[in-house]
file final.pdb (PDB, C-alpha atoms)
ATOM      1  CA  MET A 626       0.000   0.000   0.000
ATOM      2  CA  SER A 627       1.361   3.438  -0.922
ATOM      3  CA  ARG A 628       2.582   5.741   1.827
ATOM      4  CA  PRO A 629       0.573   8.902   2.533
ATOM      5  CA  ARG A 630       2.064  12.026   0.987
ATOM      6  CA  ILE A 631       2.624  15.040   3.232
ATOM      7  CA  LEU A 632       3.148  18.526   1.815
ATOM      8  CA  VAL A 633       5.585  20.883   3.512
ATOM      9  CA  PRO A 634       5.200  24.440   2.172
ATOM     10  CA  GLY A 635       8.185  26.684   2.836
ATOM     11  CA  LYS A 636      10.422  26.498   5.881
ATOM     12  CA  ILE A 637       9.738  24.259   8.847
ATOM     13  CA  ASN A 638      11.641  22.858  11.798
ATOM     14  CA  PRO A 639      14.228  20.398  10.398
ATOM     15  CA  ARG A 640      13.272  17.705  12.877
ATOM     16  CA  ILE A 641       9.897  17.427  11.122
ATOM     17  CA  LEU A 642      11.635  16.827   7.800
ATOM     18  CA  GLU A 643      13.888  14.246   9.447
ATOM     19  CA  ARG A 644      10.974  12.308  10.942
ATOM     20  CA  LEU A 645       8.363  12.437   8.179
ATOM     21  CA  PRO A 646      10.053   9.638   6.174
ATOM     22  CA  GLU A 647       9.340   7.250   9.062
ATOM     23  CA  MET A 648       5.846   6.850   7.633
ATOM     24  CA  PHE A 649       5.313   9.340   4.801
ATOM     25  CA  ASP A 650       6.527  10.572   1.462
ATOM     26  CA  THR A 651       7.366  14.263   1.708
ATOM     27  CA  VAL A 652       6.402  16.803  -0.942
ATOM     28  CA  ARG A 653       8.145  20.186  -0.763
ATOM     29  CA  ILE A 654       7.211  23.527  -2.283
ATOM     30  CA  GLU A 655       9.167  26.742  -1.839
ATOM     31  CA  ARG A 656       6.432  28.668  -0.046
ATOM     32  CA  ALA A 657       2.781  28.432   0.954
ATOM     33  CA  ASP A 658       1.458  29.429  -2.467
ATOM     34  CA  ALA A 659      -1.306  27.603  -4.342
ATOM     35  CA  SER A 660       0.257  28.584  -7.663
ATOM     36  CA  LEU A 661       3.128  26.181  -6.917
ATOM     37  CA  VAL A 662       0.847  23.142  -6.740
ATOM     38  CA  THR A 663       1.220  20.773  -9.689
ATOM     39  CA  ALA A 664      -1.019  18.017 -10.983
ATOM     40  CA  ASP A 665       1.168  15.258  -9.538
ATOM     41  CA  MET A 666       0.428  16.548  -6.019
ATOM     42  CA  ALA A 667      -3.297  15.757  -6.233
ATOM     43  CA  ASP A 668      -2.982  12.826  -3.831
ATOM     44  CA  VAL A 669      -1.442  14.848  -0.977
ATOM     45  CA  ALA A 670      -3.251  13.730   2.178
ATOM     46  CA  GLY A 671      -1.634  15.903   4.807
ATOM     47  CA  ILE A 672       0.136  19.211   5.273
ATOM     48  CA  ALA A 673       2.770  20.080   7.872
ATOM     49  CA  VAL A 674       3.002  23.852   8.143
ATOM     50  CA  SER A 675       4.766  26.505  10.169
ATOM     51  CA  GLY A 676       3.088  29.888   9.887
ATOM     52  CA  ARG A 677       0.269  30.847   7.556
ATOM     53  CA  LEU A 678      -1.535  28.322   5.377
ATOM     54  CA  PRO A 679      -3.593  30.194   2.760
ATOM     55  CA  THR A 680      -7.074  28.785   2.282
ATOM     56  CA  GLU A 681      -6.387  28.600  -1.465
ATOM     57  CA  LEU A 682      -3.503  26.229  -0.805
ATOM     58  CA  MET A 683      -5.576  24.037   1.475
ATOM     59  CA  ASP A 684      -8.343  23.924  -1.124
ATOM     60  CA  ALA A 685      -5.876  22.858  -3.820
ATOM     61  CA  PHE A 686      -5.803  19.315  -2.419
ATOM     62  CA  PRO A 687      -9.049  17.350  -2.878
ATOM     63  CA  ARG A 688      -7.817  14.411  -0.779
ATOM     64  CA  LEU A 689      -6.460  16.455   2.105
ATOM     65  CA  GLU A 690      -7.291  14.919   5.507
ATOM     66  CA  ILE A 691      -5.113  16.673   8.075
ATOM     67  CA  VAL A 692      -3.118  19.850   8.664
ATOM     68  CA  GLY A 693      -0.363  19.590  11.273
ATOM     69  CA  ASN A 694       0.325  23.094  12.577
ATOM     70  CA  PHE A 695       3.712  23.784  14.162
ATOM     71  CA  GLY A 696       2.720  25.944  17.121
ATOM     72  CA  VAL A 697       0.027  26.223  19.749
ATOM     73  CA  GLY A 698      -1.502  29.209  17.948
ATOM     74  CA  TYR A 699      -3.204  28.215  14.708
ATOM     75  CA  ASP A 700      -4.667  31.523  13.573
ATOM     76  CA  GLY A 701      -2.730  31.139  10.316
ATOM     77  CA  VAL A 702      -4.919  28.173   9.374
ATOM     78  CA  ASP A 703      -8.589  28.621   8.452
ATOM     79  CA  ALA A 704      -9.929  26.072  10.922
ATOM     80  CA  ALA A 705     -13.531  26.852  10.015
ATOM     81  CA  ARG A 706     -12.864  26.079   6.361
ATOM     82  CA  ALA A 707     -11.009  22.920   7.361
ATOM     83  CA  ALA A 708     -13.954  21.849   9.511
ATOM     84  CA  ALA A 709     -16.369  22.419   6.630
ATOM     85  CA  ARG A 710     -14.302  20.035   4.519
ATOM     86  CA  GLY A 711     -13.867  17.461   7.284
ATOM     87  CA  ILE A 712     -10.135  18.169   7.573
ATOM     88  CA  VAL A 713      -8.625  17.851  11.033
ATOM     89  CA  VAL A 714      -6.251  20.585  12.176
ATOM     90  CA  THR A 715      -3.746  19.872  14.942
ATOM     91  CA  ASN A 716      -1.543  22.160  17.002
ATOM     92  CA  THR A 717       1.170  21.707  19.626
ATOM     93  CA  PRO A 718      -0.248  22.593  23.061
ATOM     94  CA  ASP A 719       1.398  21.788  26.398
ATOM     95  CA  VAL A 720       4.882  21.056  25.056
ATOM     96  CA  LEU A 721       5.709  24.774  24.873
ATOM     97  CA  THR A 722       3.642  25.995  27.818
ATOM     98  CA  GLU A 723       6.407  26.097  30.404
ATOM     99  CA  GLU A 724       8.990  27.626  28.057
ATOM    100  CA  VAL A 725       6.689  30.474  27.048
ATOM    101  CA  ALA A 726       5.709  31.085  30.657
ATOM    102  CA  ASP A 727       9.384  31.234  31.650
ATOM    103  CA  THR A 728      10.041  33.758  28.891
ATOM    104  CA  ALA A 729       7.083  35.906  29.953
ATOM    105  CA  ILE A 730       8.480  36.195  33.463
ATOM    106  CA  GLY A 731      11.969  36.883  32.125
ATOM    107  CA  LEU A 732      10.626  39.590  29.842
ATOM    108  CA  LEU A 733       8.700  41.142  32.731
ATOM    109  CA  LEU A 734      11.835  41.249  34.895
ATOM    110  CA  ASN A 735      13.909  42.621  32.019
ATOM    111  CA  THR A 736      11.368  45.391  31.524
ATOM    112  CA  VAL A 737      10.897  46.555  35.094
ATOM    113  CA  ARG A 738      14.535  46.112  36.195
ATOM    114  CA  GLN A 739      16.237  47.022  32.874
ATOM    115  CA  LEU A 740      18.513  43.983  33.126
ATOM    116  CA  PRO A 741      19.558  43.936  29.433
ATOM    117  CA  GLN A 742      20.597  47.593  29.700
ATOM    118  CA  ALA A 743      22.548  46.836  32.871
ATOM    119  CA  GLU A 744      24.384  44.012  31.135
ATOM    120  CA  GLN A 745      25.318  46.289  28.250
ATOM    121  CA  TRP A 746      26.591  48.862  30.795
ATOM    122  CA  LEU A 747      29.026  46.230  32.060
ATOM    123  CA  ARG A 748      29.982  44.864  28.619
ATOM    124  CA  GLN A 749      30.698  48.353  27.292
ATOM    125  CA  GLY A 750      33.081  49.073  30.149
ATOM    126  CA  ARG A 751      30.874  51.755  31.614
ATOM    127  CA  TRP A 752      30.881  50.235  35.105
ATOM    128  CA  VAL A 753      34.604  50.945  35.294
ATOM    129  CA  ARG A 754      34.438  54.215  33.373
ATOM    130  CA  ASP A 755      31.193  55.768  34.644
ATOM    131  CA  GLY A 756      30.431  53.954  37.890
ATOM    132  CA  ASN A 757      27.333  52.053  38.938
ATOM    133  CA  PHE A 758      24.435  51.483  36.577
ATOM    134  CA  PRO A 759      21.565  53.884  37.397
ATOM    135  CA  LEU A 760      18.850  52.615  39.707
ATOM    136  CA  SER A 761      15.969  51.061  37.790
ATOM    137  CA  PRO A 762      12.941  53.362  38.076
ATOM    138  CA  LEU A 763      10.577  50.387  38.273
ATOM    139  CA  SER A 764      10.431  47.186  40.300
ATOM    140  CA  LEU A 765       8.231  44.120  40.498
ATOM    141  CA  ARG A 766       7.784  44.841  44.191
ATOM    142  CA  GLY A 767       4.374  46.307  44.969
ATOM    143  CA  ARG A 768       2.953  45.648  41.526
ATOM    144  CA  LYS A 769      -0.450  44.217  40.682
ATOM    145  CA  VAL A 770      -0.461  41.927  37.665
ATOM    146  CA  GLY A 771      -3.345  41.329  35.285
ATOM    147  CA  LEU A 772      -3.448  38.474  32.798
ATOM    148  CA  PHE A 773      -5.314  38.952  29.546
ATOM    149  CA  GLY A 774      -5.905  35.287  28.753
ATOM    150  CA  LEU A 775      -5.855  32.351  31.140
ATOM    151  CA  GLY A 776      -5.406  29.240  29.056
ATOM    152  CA  ARG A 777      -2.589  26.746  29.543
ATOM    153  CA  ILE A 778       0.162  29.343  29.190
ATOM    154  CA  GLY A 779      -1.688  31.982  31.183
ATOM    155  CA  LEU A 780      -2.127  29.554  34.072
ATOM    156  CA  ALA A 781       1.558  28.632  33.934
ATOM    157  CA  ILE A 782       2.458  32.335  34.111
ATOM    158  CA  ALA A 783       0.073  32.771  37.052
ATOM    159  CA  ARG A 784       1.750  29.909  38.938
ATOM    160  CA  ARG A 785       5.104  31.609  38.519
ATOM    161  CA  LEU A 786       3.746  34.987  39.571
ATOM    162  CA  GLU A 787       2.376  33.493  42.779
ATOM    163  CA  ALA A 788       5.973  32.772  43.823
ATOM    164  CA  PHE A 789       6.698  36.509  43.506
ATOM    165  CA  SER A 790       3.891  37.337  45.977
ATOM    166  CA  VAL A 791       2.166  39.799  43.662
ATOM    167  CA  PRO A 792      -1.630  40.118  43.464
ATOM    168  CA  ILE A 793      -3.014  38.477  40.304
ATOM    169  CA  ALA A 794      -6.173  39.270  38.363
ATOM    170  CA  TYR A 795      -7.412  38.256  34.934
ATOM    171  CA  HIS A 796      -9.784  38.901  32.073
ATOM    172  CA  THR A 797     -11.188  36.182  29.835
ATOM    173  CA  ARG A 798     -14.509  35.664  28.096
ATOM    174  CA  SER A 799     -15.872  33.942  31.198
ATOM    175  CA  ARG A 800     -14.947  33.603  34.858
ATOM    176  CA  ARG A 801     -12.989  30.563  36.072
ATOM    177  CA  GLU A 802     -14.756  29.478  39.239
ATOM    178  CA  ASP A 803     -11.903  27.147  40.206
ATOM    179  CA  LEU A 804      -9.303  29.898  40.559
ATOM    180  CA  PRO A 805      -8.611  32.299  43.453
ATOM    181  CA  PHE A 806      -7.637  35.243  41.233
ATOM    182  CA  ALA A 807      -9.801  38.346  40.850
ATOM    183  CA  TYR A 808     -11.854  38.326  37.644
ATOM    184  CA  TYR A 809     -12.781  41.393  35.581
ATOM    185  CA  PRO A 810     -15.420  41.093  32.853
ATOM    186  CA  SER A 811     -13.815  43.811  30.725
ATOM    187  CA  LEU A 812     -10.227  44.414  29.665
ATOM    188  CA  VAL A 813     -10.411  48.091  30.582
ATOM    189  CA  GLY A 814     -11.724  47.111  34.007
ATOM    190  CA  LEU A 815      -8.761  44.791  34.485
ATOM    191  CA  ALA A 816      -6.312  47.473  33.370
ATOM    192  CA  GLU A 817      -7.821  49.959  35.833
ATOM    193  CA  ALA A 818      -7.302  47.480  38.676
ATOM    194  CA  VAL A 819      -3.655  46.611  37.919
ATOM    195  CA  ASP A 820      -0.468  48.316  36.776
ATOM    196  CA  THR A 821       1.065  45.381  34.893
ATOM    197  CA  LEU A 822      -0.730  43.681  32.007
ATOM    198  CA  ILE A 823       0.517  40.401  30.505
ATOM    199  CA  VAL A 824      -1.092  39.574  27.178
ATOM    200  CA  ILE A 825      -1.337  35.894  26.271
ATOM    201  CA  VAL A 826      -4.364  35.474  24.009
ATOM    202  CA  PRO A 827      -4.496  34.006  20.499
ATOM    203  CA  GLY A 828      -4.656  36.205  17.443
ATOM    204  CA  THR A 829      -8.317  36.195  16.439
ATOM    205  CA  PRO A 830     -10.690  38.835  15.055
ATOM    206  CA  SER A 831     -12.074  39.330  18.561
ATOM    207  CA  THR A 832      -8.640  40.068  20.032
ATOM    208  CA  ALA A 833      -7.299  42.242  17.190
ATOM    209  CA  LYS A 834      -5.929  45.473  18.721
ATOM    210  CA  ALA A 835      -7.823  44.675  21.914
ATOM    211  CA  VAL A 836      -5.042  46.324  23.916
ATOM    212  CA  ASN A 837      -5.753  49.814  22.632
ATOM    213  CA  ALA A 838      -5.313  53.404  23.785
ATOM    214  CA  ASP A 839      -8.133  53.109  26.336
ATOM    215  CA  VAL A 840      -6.610  50.008  27.921
ATOM    216  CA  LEU A 841      -3.161  51.582  28.055
ATOM    217  CA  ALA A 842      -4.552  54.755  29.611
ATOM    218  CA  ALA A 843      -6.304  52.648  32.239
ATOM    219  CA  LEU A 844      -2.987  51.058  33.233
ATOM    220  CA  GLY A 845      -1.727  54.483  34.236
ATOM    221  CA  PRO A 846       1.670  56.204  34.349
ATOM    222  CA  GLN A 847       3.321  53.333  36.250
ATOM    223  CA  GLY A 848       1.825  50.837  33.844
ATOM    224  CA  VAL A 849       3.772  48.102  32.081
ATOM    225  CA  VAL A 850       2.447  45.897  29.275
ATOM    226  CA  ILE A 851       4.037  42.552  28.357
ATOM    227  CA  ASN A 852       3.008  40.706  25.187
ATOM    228  CA  VAL A 853       3.957  37.072  24.564
ATOM    229  CA  GLY A 854       0.776  36.168  22.673
ATOM    230  CA  ARG A 855       0.287  37.612  19.207
ATOM    231  CA  GLY A 856       1.395  40.956  17.838
ATOM    232  CA  SER A 857      -2.072  41.590  16.432
ATOM    233  CA  THR A 858      -3.609  41.912  19.907
ATOM    234  CA  LEU A 859      -1.669  45.087  20.769
ATOM    235  CA  ASP A 860      -2.235  48.334  18.880
ATOM    236  CA  GLU A 861       1.388  49.309  18.191
ATOM    237  CA  ALA A 862       0.551  52.860  17.164
ATOM    238  CA  ALA A 863      -1.357  53.368  20.418
ATOM    239  CA  LEU A 864       1.505  51.805  22.370
ATOM    240  CA  ILE A 865       4.067  54.124  20.788
ATOM    241  CA  ALA A 866       1.878  57.118  21.563
ATOM    242  CA  ALA A 867       1.405  55.951  25.160
ATOM    243  CA  LEU A 868       5.153  55.540  25.655
ATOM    244  CA  GLN A 869       5.938  58.882  24.053
ATOM    245  CA  GLY A 870       3.378  60.691  26.180
ATOM    246  CA  GLY A 871       4.216  58.957  29.462
ATOM    247  CA  THR A 872       0.772  57.361  29.586
ATOM    248  CA  ILE A 873       2.517  54.146  30.660
ATOM    249  CA  ALA A 874       5.987  53.483  32.060
ATOM    250  CA  GLY A 875       7.265  50.674  29.869
ATOM    251  CA  ALA A 876       6.663  47.602  27.745
ATOM    252  CA  GLY A 877       8.153  44.192  27.018
ATOM    253  CA  LEU A 878       7.350  42.604  23.668
ATOM    254  CA  ASP A 879       8.156  39.237  22.118
ATOM    255  CA  VAL A 880       5.644  39.589  19.266
ATOM    256  CA  PHE A 881       4.822  42.336  16.791
ATOM    257  CA  GLU A 882       2.203  43.361  14.250
ATOM    258  CA  ASN A 883       4.401  42.927  11.171
ATOM    259  CA  GLU A 884       7.134  40.454  12.065
ATOM    260  CA  PRO A 885      10.063  40.556  11.597
ATOM    261  CA  HIS A 886       9.691  44.307  11.114
ATOM    262  CA  VAL A 887       9.689  46.289  14.355
ATOM    263  CA  PRO A 888       8.951  50.034  14.355
ATOM    264  CA  GLU A 889      12.070  52.135  14.877
ATOM    265  CA  ALA A 890      10.144  54.142  17.440
ATOM    266  CA  LEU A 891       9.813  51.054  19.660
ATOM    267  CA  ILE A 892      13.478  50.183  19.263
ATOM    268  CA  ALA A 893      14.473  53.689  20.327
ATOM    269  CA  PHE A 894      12.633  53.640  23.669
ATOM    270  CA  PRO A 895      14.994  52.980  26.607
ATOM    271  CA  ASN A 896      12.069  51.719  28.713
ATOM    272  CA  VAL A 897      11.061  48.943  26.293
ATOM    273  CA  SER A 898      12.475  45.409  26.226
ATOM    274  CA  LEU A 899      12.244  43.671  22.854
ATOM    275  CA  LEU A 900      12.712  40.023  21.863
ATOM    276  CA  PRO A 901      12.524  38.554  18.323
ATOM    277  CA  HIS A 902       9.609  36.144  18.964
ATOM    278  CA  VAL A 903      11.676  33.649  20.942
ATOM    279  CA  ALA A 904       9.281  32.631  23.731
ATOM    280  CA  SER A 905       9.357  28.940  22.757
ATOM    281  CA  ALA A 906      12.684  29.102  20.944
ATOM    282  CA  SER A 907      14.829  26.545  22.727
ATOM    283  CA  VAL A 908      16.116  23.409  21.035
ATOM    284  CA  VAL A 909      14.371  21.245  23.614
ATOM    285  CA  THR A 910      10.962  22.859  23.190
ATOM    286  CA  ARG A 911      11.075  23.216  19.418
ATOM    287  CA  ASN A 912      12.067  19.536  19.097
ATOM    288  CA  ALA A 913       9.102  18.589  21.263
ATOM    289  CA  MET A 914       6.813  20.717  19.084
ATOM    290  CA  ALA A 915       8.212  19.125  15.924
ATOM    291  CA  ASP A 916       7.717  15.651  17.358
ATOM    292  CA  LEU A 917       4.099  16.422  18.171
ATOM    293  CA  VAL A 918       3.448  17.613  14.606
ATOM    294  CA  VAL A 919       4.761  14.330  13.214
ATOM    295  CA  ASP A 920       3.165  12.203  15.926
ATOM    296  CA  ASN A 921      -0.214  13.774  15.148
ATOM    297  CA  LEU A 922       0.171  12.856  11.483
ATOM    298  CA  LYS A 923       1.283   9.326  12.323
ATOM    299  CA  ALA A 924      -1.569   8.821  14.793
ATOM    300  CA  TRP A 925      -4.134  10.047  12.264
ATOM    301  CA  PHE A 926      -3.073   7.647   9.537
ATOM    302  CA  SER A 927      -2.403   4.690  11.846
ATOM    303  CA  THR A 928      -5.198   4.924  14.440
ATOM    304  CA  GLY A 929      -7.693   7.302  12.827
ATOM    305  CA  ARG A 930      -7.414   9.870  15.619
ATOM    306  CA  ALA A 931      -5.143  12.861  16.005
ATOM    307  CA  LEU A 932      -3.442  13.420  19.344
ATOM    308  CA  THR A 933      -4.124  17.146  19.684
ATOM    309  CA  PRO A 934      -6.874  18.273  17.295
ATOM    310  CA  VAL A 935      -8.030  21.865  17.675
ATOM    311  CA  PRO A 936     -11.566  22.318  19.065
ATOM    312  CA  GLU A 937     -13.044  23.201  15.667
ATOM    313  CA  THR A 938     -12.054  19.836  14.145
ATOM    314  CA  PRO A 939     -12.653  16.992  16.626
ATOM    315  CA  PHE A 940     -12.856  14.414  13.837
ATOM    316  CA  GLU A 941     -12.033  10.770  13.481
ATOM    317  CA  ARG A 942     -10.710   9.350  10.250
ATOM    318  CA  ALA A 943     -13.264   7.784   7.967
ATOM    319  CA  SER A 944     -12.410   4.728   5.901
ATOM    320  CA  ARG A 945     -10.543   5.832   2.827
TER     321      ARG A 945
END
call {"tool": "encode", "arguments": {"input": "final.pdb", "output": "structure tokens"}}
result
Amino acid sequence: MSRPRILVPGKINPRILERLPEMFDTVRIERADASLVTADMADVAGIAVSGRLPTELMDAFPRLEIVGNFGVGYDGVDAARAAARGIVVTNTPDVLTEEVADTAIGLLLNTVRQLPQAEQWLRQGRWVRDGNFPLSPLSLRGRKVGLFGLGRIGLAIARRLEAFSVPIAYHTRSRREDLPFAYYPSLVGLAEAVDTLIVIVPGTPSTAKAVNADVLAALGPQGVVINVGRGSTLDEAALIAALQGGTIAGAGLDVFENEPHVPEALIAFPNVSLLPHVASASVVTRNAMADLVVDNLKAWFSTGRALTPVPETPFERASR
């Protein structure tokens, strides 16, 4: 019996390419572009993708059964369209939860204590030449932290924050009755109650630019915003204006609206800590994510069930 054919459009973690031949024949195209599909690819049954998968590309394969998405966020895949066609979409939850939560806390500390700037002070010889690094104007001590999003990663961040003895509150679509944290039914309400906002929600139409000028103003002049979710959830123009006007005190960002392009205005702020979307970027975690992509594909074609299907596509494999 012929081996299922899996399409890999564009770049992807090399471990996926190493493992696919265990059970599949791999088909490569240069980028996720439907115009690159040829007639001999008609029997492609699965796609392994990192980043955006255009709907036109998904629709180019009449026998497509599964899309393995490299990442916990799958906003680059039209899950509703996949569901309408009976195609299962998988993602990589849990295996990156702890790494992203660690990075969120590191980014928060970098922002309030200016640790990267202090390191550069030492490396540039300024400790010897100019004396001690200036006192950081902010501290984590005495802060109140609000979480915008309380899924797996949000909960992992909350567990870490508890060790810092800071009050924790949150905003999600609905209250979690099993948690001791204060709940606010609106994002502005949360921002008014805290001075530190950590954003960890997926990039969806409902969260697009949700952290806007009103939310930033509600944080106040000692406010700090940290984003390790999606760049689309934070209005960058409003953030720049808030930083320029002293509406808030600082920001720490791992994600941006138009990656890898970061506004020069953000780069220029001394009170902003910036990372190039590295929250899950360790060899250990990325290997685990890659393994889960391949293991989902293998499980689908061997048992008829994916390991981690997204909620929109809870399908089982029909006889083919």
call {"tool": "closest_residue", "arguments": {"input": "final.pdb", "among": "A:Arg942, A:Ser898, A:Gly756, A:Thr832", "to": "Leu922 (chain A)", "atoms": "only C-alpha atoms"}}
result
A:Arg942
call {"tool": "closest_residue", "arguments": {"input": "final.pdb", "among": "A:Ala685, A:Leu733, A:Ala783, A:Pro634", "to": "Ala659 (chain A)", "atoms": "all atoms listed in the file"}}
result
A:Ala685
call {"tool": "residues_around", "arguments": {"input": "final.pdb", "residues": "region 871-886 of chain A", "least_positions_apart": "3", "cutoff": "8 Å", "atoms": "all atoms listed in the file", "output": "PDB file with C-alpha atoms, keeping the file's coordinate frame"}}
result
ATOM      1  CA  LEU A 732      10.626  39.590  29.842  1.00  0.00           C
ATOM      2  CA  LEU A 733       8.700  41.142  32.731  1.00  0.00           C
ATOM      3  CA  ASN A 735      13.909  42.621  32.019  1.00  0.00           C
ATOM      4  CA  THR A 736      11.368  45.391  31.524  1.00  0.00           C
ATOM      5  CA  VAL A 737      10.897  46.555  35.094  1.00  0.00           C
ATOM      6  CA  LEU A 841      -3.161  51.582  28.055  1.00  0.00           C
ATOM      7  CA  ALA A 842      -4.552  54.755  29.611  1.00  0.00           C
ATOM      8  CA  LEU A 844      -2.987  51.058  33.233  1.00  0.00           C
ATOM      9  CA  GLY A 845      -1.727  54.483  34.236  1.00  0.00           C
ATOM     10  CA  PRO A 846       1.670  56.204  34.349  1.00  0.00           C
ATOM     11  CA  GLN A 847       3.321  53.333  36.250  1.00  0.00           C
ATOM     12  CA  GLY A 848       1.825  50.837  33.844  1.00  0.00           C
ATOM     13  CA  VAL A 849       3.772  48.102  32.081  1.00  0.00           C
ATOM     14  CA  VAL A 850       2.447  45.897  29.275  1.00  0.00           C
ATOM     15  CA  ILE A 851       4.037  42.552  28.357  1.00  0.00           C
ATOM     16  CA  ASN A 852       3.008  40.706  25.187  1.00  0.00           C
ATOM     17  CA  VAL A 853       3.957  37.072  24.564  1.00  0.00           C
ATOM     18  CA  GLY A 854       0.776  36.168  22.673  1.00  0.00           C
ATOM     19  CA  ARG A 855       0.287  37.612  19.207  1.00  0.00           C
ATOM     20  CA  GLY A 856       1.395  40.956  17.838  1.00  0.00           C
ATOM     21  CA  SER A 857      -2.072  41.590  16.432  1.00  0.00           C
ATOM     22  CA  LEU A 859      -1.669  45.087  20.769  1.00  0.00           C
ATOM     23  CA  GLU A 861       1.388  49.309  18.191  1.00  0.00           C
ATOM     24  CA  ALA A 867       1.405  55.951  25.160  1.00  0.00           C
ATOM     25  CA  LEU A 868       5.153  55.540  25.655  1.00  0.00           C
ATOM     26  CA  ASN A 896      12.069  51.719  28.713  1.00  0.00           C
ATOM     27  CA  VAL A 897      11.061  48.943  26.293  1.00  0.00           C
ATOM     28  CA  SER A 898      12.475  45.409  26.226  1.00  0.00           C
ATOM     29  CA  LEU A 899      12.244  43.671  22.854  1.00  0.00           C
ATOM     30  CA  LEU A 900      12.712  40.023  21.863  1.00  0.00           C
ATOM     31  CA  PRO A 901      12.524  38.554  18.323  1.00  0.00           C
ATOM     32  CA  HIS A 902       9.609  36.144  18.964  1.00  0.00           C
ATOM     33  CA  VAL A 903      11.676  33.649  20.942  1.00  0.00           C
ATOM     34  CA  ALA A 904       9.281  32.631  23.731  1.00  0.00           C
TER      35      ALA A 904
END
call {"tool": "resolve_selection", "arguments": {"input": "final.pdb", "expression": "the PyMOL selection byres ((chain A and resi 776) around 10)", "output": "ChimeraX atom specification"}}
result
/A:722,773-775,777-782,797,825-827
call {"tool": "atom_distance", "arguments": {"input": "final.pdb", "atom1": "CA of Ala835 (chain A)", "atom2": "CA of Asn716 (chain A)"}}
result
23.9 Å
call {"tool": "resolve_selection", "arguments": {"input": "final.pdb", "expression": "the PyMOL selection byres ((chain A and resi 811) around 12)", "output": "compact mmCIF listing (two decimals) with C-alpha atoms, in the coordinates of the input"}}
result
# COMPACT_ATOMS: atom_id res chain seq x y z
CA GLY A 771 -3.34 41.33 35.28
CA LEU A 772 -3.45 38.47 32.80
CA PHE A 773 -5.31 38.95 29.55
CA GLY A 774 -5.90 35.29 28.75
CA ALA A 794 -6.17 39.27 38.36
CA TYR A 795 -7.41 38.26 34.93
CA HIS A 796 -9.78 38.90 32.07
CA THR A 797 -11.19 36.18 29.84
CA ARG A 798 -14.51 35.66 28.10
CA SER A 799 -15.87 33.94 31.20
CA ARG A 800 -14.95 33.60 34.86
CA TYR A 808 -11.85 38.33 37.64
CA TYR A 809 -12.78 41.39 35.58
CA PRO A 810 -15.42 41.09 32.85
CA LEU A 812 -10.23 44.41 29.66
CA VAL A 813 -10.41 48.09 30.58
CA GLY A 814 -11.72 47.11 34.01
CA LEU A 815 -8.76 44.79 34.48
CA ALA A 816 -6.31 47.47 33.37
CA GLU A 817 -7.82 49.96 35.83
CA ALA A 818 -7.30 47.48 38.68
CA ALA A 835 -7.82 44.68 21.91
CA VAL A 836 -5.04 46.32 23.92
CA ASP A 839 -8.13 53.11 26.34
CA VAL A 840 -6.61 50.01 27.92
CA ALA A 843 -6.30 52.65 32.24
call {"tool": "residues_near_point", "arguments": {"input": "final.pdb", "point": "(-12.0, 25.0, 14.1)", "cutoff": "10 Å", "atoms": "all atoms listed in the file", "output": "number ranges by chain"}}
result
A: 699-700, 702-709, 712-715, 934-939
call {"tool": "closest_residue", "arguments": {"input": "final.pdb", "among": "A:Phe894, A:Ile823, A:Phe940, A:Glu643", "to": "Gln739 (chain A)", "atoms": "all atoms listed in the file"}}
result
A:Phe894
call {"tool": "closest_residue", "arguments": {"input": "final.pdb", "among": "A:Gly731, A:Gly828, A:Pro762, A:Gly767", "to": "Gly698 (chain A)", "atoms": "only C-alpha atoms"}}
result
A:Gly828
call {"tool": "axis_aligned_box", "arguments": {"input": "final.pdb", "around": "region 734-743 of chain A", "padding_each_side": "6 Å", "output": "lines of an AutoDock Vina configuration file"}}
result
center_x = 16.7
center_y = 44.4
center_z = 32.8
size_x = 23.7
size_y = 18.3
size_z = 18.8
call {"tool": "closest_residue", "arguments": {"input": "final.pdb", "among": "A:Asp658, A:Asp916, A:Asp820, A:Asp668", "to": "Arg768 (chain A)", "atoms": "all atoms listed in the file"}}
result
A:Asp820
call {"tool": "resolve_selection", "arguments": {"input": "final.pdb", "expression": "the PyMOL selection byres ((chain A and resi 671-676) around 10)", "output": "ChimeraX atom specification"}}
result
/A:629-638,641-642,645,649,651-652,657,668-670,677-679,682-683,686,688-696,698-702,712-715,915,918-919,922,925-926
call {"tool": "residues_around", "arguments": {"input": "final.pdb", "residues": "Pro639 (chain A)", "least_positions_apart": "5", "cutoff": "10 Å", "atoms": "all atoms listed in the file", "output": "PDB file with C-alpha atoms, keeping the file's coordinate frame"}}
result
ATOM      1  CA  ARG A 644      10.974  12.308  10.942  1.00  0.00           C
ATOM      2  CA  ARG A 911      11.075  23.216  19.418  1.00  0.00           C
ATOM      3  CA  ASN A 912      12.067  19.536  19.097  1.00  0.00           C
ATOM      4  CA  ALA A 915       8.212  19.125  15.924  1.00  0.00           C
TER       5      ALA A 915
END
call {"tool": "closest_residue", "arguments": {"input": "final.pdb", "among": "A:Ile865, A:Arg628, A:Pro792, A:Asp665", "to": "Glu647 (chain A)", "atoms": "all atoms listed in the file"}}
result
A:Arg628
call {"tool": "atom_distance", "arguments": {"input": "final.pdb", "atom1": "CA of Val720 (chain A)", "atom2": "CA of Thr928 (chain A)"}}
result
21.8 Å
